[in-house]
Amino acid sequence: MFVGSVGLVASVSMYGSPLVALKRVMETKSVEFMPFYLSLFSFLASSLWMAFGLLGHDFFLASPNLVGCPMGLLQLVLYFKYRRSSRVPEEVIKFDIEKHGTDLKI
């Protein structure tokens, strides 16, 4: 039960992590920061695992994927909405330089 709960929390946080990229896509109206294949295969994998979990009546397998499917679908919808505008607006670049400077820290 404990291991299943930890896995559930880890899976939900994994599917929630692209929210940062989604915010950036909506701000810049550009999908430059969100890879298409990652979004596509995240949605496909989540859908398949959700179906498998629901068919096997496995709560720990189905529940994080019930969160992951809509997240993956949202990523794909935003990708197709903003895929035509691949250039980041000049104001965003200027704002980032003013906020963070020009030094690249790797």
# chains A, B, ... in the order shown; residues from 1 in each chain; ligands from 1

call {"tool": "residues_around", "arguments": {"residues": "A:Ala51", "least_positions_apart": "4", "cutoff": "10 Å", "atoms": "only C-alpha atoms", "output": "PyMOL selection string"}}
result
chain A and resi 45-47+55-57+61-62+65-66

call {"tool": "write_last_selection", "arguments": {"atoms": "N, CA and C atoms", "output": "mmCIF file, in the first residue's frame"}}
result
data_model
loop_
_atom_site.group_PDB
_atom_site.id
_atom_site.type_symbol
_atom_site.label_atom_id
_atom_site.label_comp_id
_atom_site.auth_asym_id
_atom_site.auth_seq_id
_atom_site.Cartn_x
_atom_site.Cartn_y
_atom_site.Cartn_z
ATOM 1 N N ALA A 45 0.898 6.940 -23.921
ATOM 2 C CA ALA A 45 1.275 6.035 -22.835
ATOM 3 C C ALA A 45 0.300 6.146 -21.679
ATOM 4 N N SER A 46 -0.081 7.357 -21.344
ATOM 5 C CA SER A 46 -1.029 7.558 -20.253
ATOM 6 C C SER A 46 -2.380 6.940 -20.576
ATOM 7 N N SER A 47 -2.824 7.084 -21.810
ATOM 8 C CA SER A 47 -4.114 6.506 -22.209
ATOM 9 C C SER A 47 -4.084 4.982 -22.134
ATOM 10 N N LEU A 55 -9.318 -1.663 -16.777
ATOM 11 C CA LEU A 55 -9.746 -3.021 -17.103
ATOM 12 C C LEU A 55 -9.331 -4.026 -16.024
ATOM 13 N N GLY A 56 -8.199 -3.789 -15.384
ATOM 14 C CA GLY A 56 -7.730 -4.686 -14.331
ATOM 15 C C GLY A 56 -8.179 -4.269 -12.948
ATOM 16 N N HIS A 57 -8.986 -3.221 -12.847
ATOM 17 C CA HIS A 57 -9.489 -2.702 -11.571
ATOM 18 C C HIS A 57 -8.348 -2.391 -10.610
ATOM 19 N N LEU A 61 -2.732 2.037 -10.579
ATOM 20 C CA LEU A 61 -2.295 2.153 -11.965
ATOM 21 C C LEU A 61 -3.175 3.130 -12.748
ATOM 22 N N ALA A 62 -4.469 3.115 -12.494
ATOM 23 C CA ALA A 62 -5.401 3.929 -13.266
ATOM 24 C C ALA A 62 -5.433 5.390 -12.812
ATOM 25 N N ASN A 65 -2.970 8.032 -14.206
ATOM 26 C CA ASN A 65 -3.187 8.165 -15.641
ATOM 27 C C ASN A 65 -4.513 8.842 -15.957
ATOM 28 N N LEU A 66 -5.437 8.844 -14.993
ATOM 29 C CA LEU A 66 -6.651 9.646 -15.141
ATOM 30 C C LEU A 66 -6.305 11.133 -15.105
#

call {"tool": "atom_distance", "arguments": {"atom1": "atom CA of A:Ser13", "atom2": "atom CA of A:Cys69"}}
result
13.3 Å

call {"tool": "atom_distance", "arguments": {"atom1": "atom CA of A:Leu22", "atom2": "atom CA of A:Leu78"}}
result
7.7 Å

call {"tool": "residues_around", "arguments": {"residues": "A:Leu40", "least_positions_apart": "5", "cutoff": "9 Å", "atoms": "only C-alpha atoms", "output": "JSON, numbers by chain"}}
result
{"A": [35, 45, 72, 73, 75, 76]}

call {"tool": "atom_distance", "arguments": {"atom1": "atom CA of A:Val20", "atom2": "atom CA of A:Glu32"}}
result
13.2 Å

call {"tool": "closest_residue", "arguments": {"among": "A:Met1, A:Met26, A:Ala10, A:Leu19", "to": "A:Met71", "atoms": "only C-alpha atoms"}}
result
A:Leu19

call {"tool": "residues_around", "arguments": {"residues": "stretch 82-84 of chain A", "least_positions_apart": "4", "cutoff": "7 Å", "atoms": "only C-alpha atoms", "output": "list of chain:residue names"}}
result
A:Lys29, A:Ser30, A:Val31, A:Leu78

call {"tool": "closest_residue", "arguments": {"among": "A:Ser5, A:Lys81, A:Leu38, A:Met50", "to": "A:Val25", "atoms": "only C-alpha atoms"}}
result
A:Lys81

call {"tool": "residues_around", "arguments": {"residues": "A:Gly7", "least_positions_apart": "3", "cutoff": "9 Å", "atoms": "only C-alpha atoms", "output": "list in words"}}
result
Phe2, Val3, Gly4, Ala10, Ser11, Val12, Phe60, Leu61 and Pro64 of chain A

call {"tool": "write_last_selection", "arguments": {"atoms": "N, CA and C atoms", "output": "compact mmCIF listing (two decimals), in the first residue's frame"}}
result
# COMPACT_ATOMS: atom_id res chain seq x y z
N PHE A 2 1.95 1.24 0.81
CA PHE A 2 2.84 2.40 0.89
C PHE A 2 3.55 2.64 -0.44
N VAL A 3 4.08 1.58 -1.02
CA VAL A 3 4.81 1.70 -2.30
C VAL A 3 3.87 2.18 -3.40
N GLY A 4 2.64 1.68 -3.40
CA GLY A 4 1.66 2.13 -4.39
C GLY A 4 1.33 3.60 -4.23
N ALA A 10 4.36 10.08 -7.31
CA ALA A 10 5.42 10.32 -8.29
C ALA A 10 4.86 10.41 -9.70
N SER A 11 3.90 9.56 -10.03
CA SER A 11 3.31 9.59 -11.38
C SER A 11 2.51 10.86 -11.62
N VAL A 12 1.73 11.27 -10.63
CA VAL A 12 0.95 12.50 -10.79
C VAL A 12 1.87 13.71 -10.94
N PHE A 60 -4.12 2.01 -8.23
CA PHE A 60 -2.81 2.64 -8.26
C PHE A 60 -2.26 2.81 -9.67
N LEU A 61 -2.73 2.04 -10.58
CA LEU A 61 -2.30 2.15 -11.96
C LEU A 61 -3.18 3.13 -12.75
N PRO A 64 -3.24 7.78 -11.50
CA PRO A 64 -2.35 8.83 -12.02
C PRO A 64 -2.55 9.05 -13.52

call {"tool": "select_by_dssp", "arguments": {"residues": "stretch 17-96 of chain A", "states": "helix (DSSP H, G or I)", "output": "PyMOL selection string"}}
result
chain A and resi 19-28+31-33+36-55+59-82+90-96

call {"tool": "closest_residue", "arguments": {"among": "A:Met14, A:Met34, A:Val77, A:Leu8", "to": "A:Asp58", "atoms": "only C-alpha atoms"}}
result
A:Leu8
